[in-house]
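Peer 1: First the structure, then my questions, so here it is.
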Amino acid sequence: MILYELFSYDFLRVVWWLLLGVLLIGFALTDGFDMGVGALLPFVGQTDTERRVVINTVGPVWEGNQVWFILGGGAIFAAWPPLYAVSFSGFYLAMFLILAALILRPVGFKYRSKRDSAAWRSGWDWALFVGGAVPALVFGVAVGNVLQGVPFELTPDLYPLYPGSAFGKLFGLLNPFALLCGLVSLSMLLTHGAAWLSIKTEGFVQTRAQNIGGITGVATIVLYAVAGLWLAFGIDGYALVTEAAPDGPSNPLYTEVTRGVSWMAAYADRPWIAIAPVLGFLGMAMAVRAIRSGGEVSALLWSKLGIFGAISSVGLTMFPFILPSSLSPDSSLTVWDSSSSHQTLFVMLVATVIFLPLILAYTAWVYRVLWGKVTEDDVAGNSETLY
């Protein structure tokens with residue numbers, strides 16, 4: 001027997017769908033608080049020293065946290081090539097905007113304190129704000145567009161076509177529902193960043209972060225609820241017309257898809273998935289409670305649970321769809337028809353089983369070594385070496 005046949009093709013497809021979700025959630029849980037801290041920087045730090053305290057709470061870990069972003073992109077490229085090709089073609093300028101914003105972070109960290117100039121440092125502080133707020137917003141906007149369906153179609157040779165100009169496609173993404181999802185993402189990561197700052201700082205910075213986190217946490221709950229209601233009653237969902245072939249060829253055009261059903265039908269078919277939005281609401285509500293009561297570690301853990309539930313609810317609601325097409329529903333990408341080959345998925349799974357635990361162990365060790373608060377005395381005593 002050939003080694004990769006130890007696992008069936010449909011099993012590996014589901015495993016890699018789950019692993020893609022794990023990588024995206026891992027990115028949100030780790031680099032998410034980095035982005036939240038950056039977006040909060042101008043508001044929680046009122047003096048130069050306070051802002052340096054805020055920056056140095058994420059300074060030692062932000063580079064490692066971005067590994068999850070790279071792993072997610074790599075997983076899409078290798079495990080879901082049609083998804084990579086279609087999404088990057090349609091979201092090209094949006095991806096460029098995210099990358100440009102993310103590039104501001106390392107540059108801002110490295111150069112912000114190189115000159116003793118108030119204007120220079122203030123400019124980089126706002127650059128770090130952009131580097132945190134813009135990706136958080138745009139990622140949510142992307143999710144909102146995926147839920148509505150992306151306007152593409154596949155030619156018979158599976159070449160993706162998008163109507164309109166590049167800038168027209170970018171501004172087309174900024175529709176009301178997508179912007180609402182963007183606000184959910186932004187407020188959620190602001191709360192996550194505030195929870196991180198409540199652990200890593202003290203004094204006025206900690207108090208301001210907790211005050212802002214309480215507000216953004218409530219905003220997340222309200223916006224998430226509104227988005228859910230809008231999705232249930234105002235957004236057309238997608239469904240398979242014919243039974244899919246879980247072990248069939250990776251050709252989306254072999255599948256017939258209809259549009260006009262409700263995404264909420266998934267909860268009637270698989271009631272157990274309701275646990276995801278419940279965790280989203282519960283986690284964020286408890287995070288708000290912990291932030292307001294001064295629970296430092298518990299606030300971060302609860303916010304992680306809320307993010308896990310919110311992101312999981314999207315994937316579970318859409319399953320088996322990965323990227324629906326609003327222009328040509330039959331071109332929609334699903335778990336069953338847009339993956340790499342059977343052998344490729346198996347080889348990648350073996351590599352993941354070996355290396356992912358190493359990444360998790362190293363990450364845990366780094367956080368343990370770097371645990372503890374960053375104080376103004378730390379910044380003053382190490383002014384030449386800290387950010």
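Convention: chains lettered A, B, ... in structure tokens order; per-chain residue numbering from 1; ligands numbered from 1 as shown.
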Given only C-alpha atoms, how would the per-residue table for segment 57-112 of chain A near segment 332-344 of chain A read, listing every residue at most 9 Å away with its closest atom pair and distance in Å to one decimal, sorted by chain and number, as a tab-separated table?

Peer 2:
residue	atom	partner	partner_atom	distance
A:Ala78	CA	A:Ser340	CA	6.9
A:Ala79	CA	A:Ser340	CA	5.1
A:Trp80	CA	A:Ser339	CA	4.5
A:Pro81	CA	A:Ser340	CA	6.5
A:Pro82	CA	A:Ser338	CA	5.7
A:Leu83	CA	A:Ser338	CA	6.9

Peer 1: Residues near Arg259 of chain A, anyone? I mean within 7 Å using only C-alpha atoms, not counting same-chain ones fewer than 5 positions away, as a list in words.

Peer 2: Asp236, Gly237, Tyr238, Ala239 and Pro329 of chain A

Peer 1: Find the residues around Val150 of chain A up to 12 Å (only C-alpha atoms counted), leave out those fewer than 3 positions away in its own chain, and share them as JSON, numbers by chain.

Peer 2: {"A": [83, 86, 87, 88, 89, 90, 91, 141, 142, 143, 144, 145, 146, 147, 153, 154, 160, 161, 162, 163, 169, 170, 172, 173, 175, 178, 238, 322, 323, 324, 325, 326, 327, 328, 329, 331, 332, 333]}

Peer 1: Export N, CA, C and O atoms of the chosen residues as a compact mmCIF listing (two decimals), in the first residue's frame?

Peer 2:
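Output contents, as saved in result19.txt:
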# COMPACT_ATOMS: atom_id res chain seq x y z
N LEU A 83 -7.73 28.44 -3.74
CA LEU A 83 -8.08 29.50 -2.80
C LEU A 83 -7.03 30.60 -2.82
O LEU A 83 -7.35 31.80 -2.83
N VAL A 86 -7.34 32.52 -6.29
CA VAL A 86 -8.56 33.33 -6.44
C VAL A 86 -8.57 34.49 -5.45
O VAL A 86 -8.86 35.63 -5.81
N SER A 87 -8.25 34.22 -4.18
CA SER A 87 -8.33 35.27 -3.16
C SER A 87 -7.29 36.35 -3.37
O SER A 87 -7.58 37.55 -3.27
N PHE A 88 -6.06 35.95 -3.72
CA PHE A 88 -5.02 36.96 -3.90
C PHE A 88 -5.24 37.75 -5.19
O PHE A 88 -4.83 38.91 -5.27
N SER A 89 -5.91 37.14 -6.17
CA SER A 89 -6.23 37.89 -7.39
C SER A 89 -7.28 38.96 -7.11
O SER A 89 -7.17 40.09 -7.56
N GLY A 90 -8.31 38.59 -6.35
CA GLY A 90 -9.39 39.53 -6.08
C GLY A 90 -9.09 40.53 -5.00
O GLY A 90 -9.56 41.67 -5.04
N PHE A 91 -8.29 40.12 -4.01
CA PHE A 91 -7.99 40.99 -2.88
C PHE A 91 -6.59 41.58 -2.99
O PHE A 91 -5.97 41.90 -1.98
N VAL A 141 -13.02 43.10 7.21
CA VAL A 141 -13.70 43.44 5.95
C VAL A 141 -13.62 42.26 4.98
O VAL A 141 -14.60 41.93 4.29
N ALA A 142 -12.47 41.60 4.93
CA ALA A 142 -12.31 40.43 4.05
C ALA A 142 -13.27 39.32 4.45
O ALA A 142 -13.91 38.70 3.58
N VAL A 143 -13.41 39.07 5.75
CA VAL A 143 -14.33 38.03 6.21
C VAL A 143 -15.76 38.39 5.82
O VAL A 143 -16.53 37.53 5.38
N GLY A 144 -16.13 39.66 5.97
CA GLY A 144 -17.47 40.08 5.59
C GLY A 144 -17.75 39.86 4.12
O GLY A 144 -18.86 39.46 3.73
N ASN A 145 -16.77 40.08 3.27
CA ASN A 145 -16.94 39.85 1.84
C ASN A 145 -17.01 38.37 1.51
O ASN A 145 -17.76 37.96 0.61
N VAL A 146 -16.24 37.56 2.20
CA VAL A 146 -16.30 36.11 1.98
C VAL A 146 -17.69 35.59 2.32
O VAL A 146 -18.25 34.75 1.60
N LEU A 147 -18.27 36.07 3.41
CA LEU A 147 -19.61 35.63 3.80
C LEU A 147 -20.66 36.02 2.76
O LEU A 147 -21.66 35.32 2.57
N GLU A 153 -15.45 34.48 -11.27
CA GLU A 153 -15.89 33.27 -11.94
C GLU A 153 -14.67 32.54 -12.50
O GLU A 153 -13.65 33.16 -12.78
N LEU A 154 -14.80 31.24 -12.63
CA LEU A 154 -13.71 30.42 -13.14
C LEU A 154 -13.99 30.05 -14.59
O LEU A 154 -15.11 29.64 -14.93
N PRO A 160 -9.23 32.34 -12.78
CA PRO A 160 -10.20 33.22 -12.12
C PRO A 160 -10.32 34.57 -12.83
O PRO A 160 -9.31 35.19 -13.17
N LEU A 161 -11.55 35.02 -13.03
CA LEU A 161 -11.81 36.31 -13.66
C LEU A 161 -12.59 37.19 -12.70
O LEU A 161 -13.56 36.75 -12.08
N TYR A 162 -12.15 38.45 -12.58
CA TYR A 162 -12.83 39.45 -11.76
C TYR A 162 -13.21 40.63 -12.66
O TYR A 162 -12.35 41.15 -13.37
N PRO A 163 -14.46 41.07 -12.63
CA PRO A 163 -14.83 42.25 -13.43
C PRO A 163 -14.36 43.53 -12.75
O PRO A 163 -14.18 43.58 -11.53
N LYS A 169 -12.36 47.10 -7.61
CA LYS A 169 -12.49 45.90 -6.79
C LYS A 169 -12.18 46.20 -5.33
O LYS A 169 -12.83 45.66 -4.42
N LEU A 170 -11.19 47.07 -5.10
CA LEU A 170 -10.85 47.42 -3.72
C LEU A 170 -12.01 48.15 -3.05
O LEU A 170 -12.43 47.78 -1.94
N GLY A 172 -15.05 48.13 -3.93
CA GLY A 172 -16.21 47.26 -3.87
C GLY A 172 -16.24 46.41 -2.61
O GLY A 172 -17.30 45.96 -2.18
N LEU A 173 -15.05 46.19 -2.03
CA LEU A 173 -14.99 45.43 -0.78
C LEU A 173 -15.56 46.21 0.40
O LEU A 173 -15.93 45.62 1.42
N ASN A 175 -18.26 47.53 1.43
CA ASN A 175 -19.72 47.60 1.52
C ASN A 175 -20.15 47.59 2.98
O ASN A 175 -19.35 47.25 3.87
N ALA A 178 -19.56 44.35 5.14
CA ALA A 178 -18.14 44.08 5.31
C ALA A 178 -17.50 45.06 6.28
O ALA A 178 -16.65 44.69 7.10
N TYR A 238 -25.14 30.24 0.76
CA TYR A 238 -24.89 29.33 -0.35
C TYR A 238 -25.10 27.90 0.11
O TYR A 238 -24.92 27.58 1.30
N ILE A 322 -15.46 27.52 1.30
CA ILE A 322 -14.28 28.29 1.70
C ILE A 322 -14.33 29.68 1.10
O ILE A 322 -14.05 30.67 1.77
N LEU A 323 -14.69 29.78 -0.18
CA LEU A 323 -14.78 31.07 -0.85
C LEU A 323 -15.92 31.01 -1.87
O LEU A 323 -15.72 30.60 -3.00
N PRO A 324 -17.12 31.45 -1.46
CA PRO A 324 -18.26 31.44 -2.39
C PRO A 324 -18.10 32.52 -3.46
O PRO A 324 -17.45 33.54 -3.24
N SER A 325 -18.73 32.29 -4.59
CA SER A 325 -18.71 33.26 -5.69
C SER A 325 -20.10 33.86 -5.85
O SER A 325 -21.07 33.13 -6.07
N SER A 326 -20.18 35.18 -5.74
CA SER A 326 -21.46 35.86 -5.95
C SER A 326 -21.76 36.04 -7.42
O SER A 326 -22.92 36.18 -7.81
N LEU A 327 -20.75 36.04 -8.25
CA LEU A 327 -20.93 36.25 -9.69
C LEU A 327 -21.32 34.95 -10.39
O LEU A 327 -22.18 34.95 -11.29
N SER A 328 -20.72 33.86 -9.99
CA SER A 328 -21.00 32.56 -10.59
C SER A 328 -20.97 31.51 -9.48
O SER A 328 -19.91 30.93 -9.19
N PRO A 329 -22.10 31.25 -8.81
CA PRO A 329 -22.10 30.35 -7.65
C PRO A 329 -21.45 29.00 -7.91
O PRO A 329 -20.83 28.43 -7.01
N SER A 331 -18.86 28.45 -9.40
CA SER A 331 -17.41 28.59 -9.29
C SER A 331 -16.93 28.62 -7.84
O SER A 331 -15.72 28.72 -7.59
N SER A 332 -17.84 28.55 -6.89
CA SER A 332 -17.49 28.63 -5.47
C SER A 332 -16.52 27.53 -5.08
O SER A 332 -16.61 26.39 -5.56
N LEU A 333 -15.60 27.87 -4.21
CA LEU A 333 -14.60 26.92 -3.73
C LEU A 333 -15.10 26.28 -2.44
O LEU A 333 -15.54 26.97 -1.51

Peer 1: Based on DSSP run over this structure's backbone, return all residues of segment 251-358 of chain A in helix (DSSP H, G or I), as a PyMOL selection string.

Peer 2: chain A and resi 252-254+265-269+271-293+296-318+329-331+342-358

Peer 1: Nearest to Met348 of chain A among A:Ala268, A:Val22, A:Gly74, A:Gln46, with distances taken over only C-alpha atoms: which residue is it?

Peer 2: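 Selected residue with least distance to Met348 of chain A: A:Gly74.
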
Peer 1: Would you mind telling me which residue in A:Glu63, A:Asp34, A:Asp269, A:Glu243 lies nearest to Phe129 of chain A when using only C-alpha atoms?

Peer 2: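 Of all the options, A:Asp34 lies closest to Phe129 of chain A.
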
Peer 1: Name the residues in contact with Trp272 of chain A at a cut-off of 12 Å, using only C-alpha atoms, excluding same-chain residues fewer than 6 positions from it; report them as a PyMOL selection string.

Peer 2: chain A and resi 266+278+313+316-317

Peer 1: Output N, CA and C atoms for every residue in that selection, as a compact mmCIF listing (two decimals), in the first residue's frame.

Peer 2:
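Listed below is the output, result33.txt:
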# COMPACT_ATOMS: atom_id res chain seq x y z
N ALA A 266 -27.20 26.06 8.44
CA ALA A 266 -26.14 25.19 8.97
C ALA A 266 -26.41 24.81 10.42
N VAL A 278 -21.66 30.97 20.87
CA VAL A 278 -21.85 31.06 22.32
C VAL A 278 -20.52 31.36 23.01
N SER A 313 -16.96 30.48 14.51
CA SER A 313 -18.36 30.55 14.08
C SER A 313 -18.46 30.82 12.58
N LEU A 316 -17.38 27.40 10.72
CA LEU A 316 -18.37 26.34 10.90
C LEU A 316 -19.68 26.66 10.20
N THR A 317 -20.05 27.95 10.19
CA THR A 317 -21.28 28.35 9.50
C THR A 317 -21.17 28.13 8.00

Peer 1: Quick one: pick out all strand (DSSP E or B) residues within segment 109-280 of chain A from a backbone DSSP run and write them as a list in words.

Peer 2: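 In segment 109-280 of chain A, DSSP puts these residues in strand (DSSP E or B): Val150, Glu153, Leu154, Pro160, Leu161, Gly237, Tyr238, Ala239, Leu240, Val257, Thr258, Arg259, Gly260 and Val261 of chain A.
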
Peer 1: Go ahead and save the picked residues with all heavy atoms, as a short mmCIF file (atom, residue, chain, number, x, y, z; two decimals), in the first residue's frame.

Peer 2:
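Written file, out32.cif:
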data_model
loop_
_atom_site.label_atom_id
_atom_site.label_comp_id
_atom_site.auth_asym_id
_atom_site.auth_seq_id
_atom_site.Cartn_x
_atom_site.Cartn_y
_atom_site.Cartn_z
N VAL A 150 -17.67 36.45 -3.15
CA VAL A 150 -16.73 37.32 -3.85
C VAL A 150 -17.06 37.28 -5.35
O VAL A 150 -17.32 36.21 -5.90
CB VAL A 150 -15.28 36.85 -3.61
CG1 VAL A 150 -14.28 37.73 -4.34
CG2 VAL A 150 -14.99 36.85 -2.10
N GLU A 153 -15.45 34.48 -11.27
CA GLU A 153 -15.89 33.27 -11.94
C GLU A 153 -14.67 32.54 -12.50
O GLU A 153 -13.65 33.16 -12.78
CB GLU A 153 -16.88 33.57 -13.06
CG GLU A 153 -16.35 34.42 -14.19
CD GLU A 153 -17.39 34.62 -15.27
OE1 GLU A 153 -18.25 33.74 -15.44
OE2 GLU A 153 -17.33 35.67 -15.95
N LEU A 154 -14.80 31.24 -12.63
CA LEU A 154 -13.71 30.42 -13.14
C LEU A 154 -13.99 30.05 -14.59
O LEU A 154 -15.11 29.64 -14.93
CB LEU A 154 -13.56 29.15 -12.30
CG LEU A 154 -13.19 29.34 -10.82
CD1 LEU A 154 -13.19 27.99 -10.11
CD2 LEU A 154 -11.84 30.02 -10.67
N PRO A 160 -9.23 32.34 -12.78
CA PRO A 160 -10.20 33.22 -12.12
C PRO A 160 -10.32 34.57 -12.83
O PRO A 160 -9.31 35.19 -13.17
CB PRO A 160 -9.62 33.40 -10.71
CG PRO A 160 -8.15 33.19 -10.88
CD PRO A 160 -7.99 32.20 -12.00
N LEU A 161 -11.55 35.02 -13.03
CA LEU A 161 -11.81 36.31 -13.66
C LEU A 161 -12.59 37.19 -12.70
O LEU A 161 -13.56 36.75 -12.08
CB LEU A 161 -12.62 36.12 -14.95
CG LEU A 161 -11.96 35.34 -16.08
CD1 LEU A 161 -12.94 35.18 -17.24
CD2 LEU A 161 -10.68 36.02 -16.55
N GLY A 237 -27.06 33.19 1.70
CA GLY A 237 -26.05 32.17 1.87
C GLY A 237 -25.95 31.28 0.65
O GLY A 237 -26.60 31.52 -0.38
N TYR A 238 -25.14 30.24 0.76
CA TYR A 238 -24.89 29.33 -0.35
C TYR A 238 -25.10 27.90 0.11
O TYR A 238 -24.92 27.58 1.30
CB TYR A 238 -23.46 29.49 -0.87
CG TYR A 238 -23.19 30.85 -1.48
CD1 TYR A 238 -22.96 31.97 -0.68
CD2 TYR A 238 -23.16 31.02 -2.86
CE1 TYR A 238 -22.73 33.22 -1.24
CE2 TYR A 238 -22.92 32.27 -3.43
CZ TYR A 238 -22.70 33.36 -2.61
OH TYR A 238 -22.48 34.60 -3.17
N ALA A 239 -25.49 27.04 -0.83
CA ALA A 239 -25.70 25.63 -0.51
C ALA A 239 -25.39 24.78 -1.73
O ALA A 239 -25.52 25.23 -2.87
CB ALA A 239 -27.14 25.39 -0.05
N LEU A 240 -24.97 23.55 -1.47
CA LEU A 240 -24.72 22.60 -2.55
C LEU A 240 -26.05 22.04 -3.04
O LEU A 240 -26.90 21.63 -2.25
CB LEU A 240 -23.84 21.45 -2.05
CG LEU A 240 -22.42 21.83 -1.59
CD1 LEU A 240 -21.72 20.61 -1.00
CD2 LEU A 240 -21.61 22.41 -2.73
N VAL A 257 -23.96 24.75 -7.27
CA VAL A 257 -24.20 25.54 -6.06
C VAL A 257 -25.35 26.49 -6.29
O VAL A 257 -25.51 27.04 -7.39
CB VAL A 257 -22.93 26.34 -5.68
CG1 VAL A 257 -23.19 27.24 -4.47
CG2 VAL A 257 -21.77 25.39 -5.39
N THR A 258 -26.16 26.68 -5.27
CA THR A 258 -27.25 27.65 -5.35
C THR A 258 -27.04 28.74 -4.32
O THR A 258 -26.44 28.51 -3.26
CB THR A 258 -28.61 26.98 -5.11
OG1 THR A 258 -29.65 27.95 -5.30
CG2 THR A 258 -28.72 26.42 -3.70
N ARG A 259 -27.54 29.92 -4.63
CA ARG A 259 -27.47 31.05 -3.72
C ARG A 259 -28.88 31.52 -3.38
O ARG A 259 -29.77 31.46 -4.21
CB ARG A 259 -26.68 32.20 -4.35
CG ARG A 259 -26.46 33.39 -3.44
CD ARG A 259 -25.81 34.54 -4.18
NE ARG A 259 -25.54 35.66 -3.28
CZ ARG A 259 -25.18 36.87 -3.68
NH1 ARG A 259 -25.04 37.13 -4.99
NH2 ARG A 259 -24.94 37.83 -2.80
N GLY A 260 -29.08 32.00 -2.17
CA GLY A 260 -30.39 32.49 -1.78
C GLY A 260 -30.90 31.86 -0.51
O GLY A 260 -31.88 32.32 0.09
N VAL A 261 -30.24 30.80 -0.07
CA VAL A 261 -30.61 30.18 1.21
C VAL A 261 -29.99 30.99 2.34
O VAL A 261 -29.22 31.91 2.13
CB VAL A 261 -30.11 28.72 1.27
CG1 VAL A 261 -30.75 27.90 0.17
CG2 VAL A 261 -28.59 28.66 1.13
#

Peer 1: So that I can see what lies close to Gly295 of chain A, please list as a compact mmCIF listing (two decimals) with N, CA and C atoms, in the first residue's frame the residues with an atom at most 12 Å from it, counting only C-alpha atoms and leaving out residues fewer than 3 positions away in the same chain.

Peer 2:
# COMPACT_ATOMS: atom_id res chain seq x y z
N ALA A 195 -6.39 43.81 27.10
CA ALA A 195 -6.19 42.73 28.07
C ALA A 195 -4.71 42.42 28.24
N TRP A 196 -3.95 42.46 27.14
CA TRP A 196 -2.51 42.23 27.22
C TRP A 196 -1.83 43.33 28.03
N LEU A 197 -2.22 44.59 27.77
CA LEU A 197 -1.62 45.70 28.50
C LEU A 197 -1.97 45.67 29.99
N SER A 198 -3.12 45.12 30.32
CA SER A 198 -3.48 45.02 31.74
C SER A 198 -2.56 44.05 32.48
N ILE A 199 -1.97 43.11 31.75
CA ILE A 199 -1.01 42.17 32.35
C ILE A 199 0.39 42.77 32.40
N GLN A 206 -1.96 51.08 32.60
CA GLN A 206 -2.84 49.95 32.86
C GLN A 206 -4.28 50.41 33.05
N GLN A 210 -7.45 49.40 30.69
CA GLN A 210 -8.62 48.72 31.23
C GLN A 210 -9.90 49.50 30.94
N MET A 286 -17.02 37.81 29.50
CA MET A 286 -16.20 37.54 30.67
C MET A 286 -14.90 38.34 30.62
N ALA A 287 -14.40 38.60 29.42
CA ALA A 287 -13.20 39.43 29.30
C ALA A 287 -13.49 40.85 29.79
N VAL A 288 -14.65 41.38 29.41
CA VAL A 288 -15.04 42.71 29.89
C VAL A 288 -15.14 42.72 31.41
N ARG A 289 -15.76 41.69 31.96
CA ARG A 289 -15.91 41.60 33.41
C ARG A 289 -14.54 41.54 34.09
N ALA A 290 -13.63 40.73 33.53
CA ALA A 290 -12.30 40.59 34.13
C ALA A 290 -11.50 41.88 34.01
N ILE A 291 -11.59 42.55 32.87
CA ILE A 291 -10.87 43.81 32.69
C ILE A 291 -11.34 44.84 33.69
N ARG A 292 -12.64 44.95 33.86
CA ARG A 292 -13.19 45.96 34.78
C ARG A 292 -12.92 45.63 36.23
N SER A 298 -6.82 36.50 33.65
CA SER A 298 -8.13 35.99 33.25
C SER A 298 -8.72 36.81 32.11
N ALA A 299 -8.47 38.11 32.09
CA ALA A 299 -8.98 38.95 31.01
C ALA A 299 -8.41 38.51 29.67
N LEU A 300 -7.11 38.23 29.63
CA LEU A 300 -6.49 37.79 28.39
C LEU A 300 -7.00 36.42 27.96
N LEU A 301 -7.15 35.51 28.90
CA LEU A 301 -7.63 34.17 28.57
C LEU A 301 -9.07 34.21 28.05
N TRP A 302 -9.90 35.03 28.69
CA TRP A 302 -11.29 35.13 28.23
C TRP A 302 -11.37 35.79 26.86
N SER A 303 -10.54 36.78 26.62
CA SER A 303 -10.57 37.41 25.30
C SER A 303 -10.10 36.43 24.23

Peer 1: For atom CA of Gln148 of chain A and atom CA of Ile215 of chain A, determine how far apart the two atoms are, in Å to one decimal place.

Peer 2: 28.6 Å
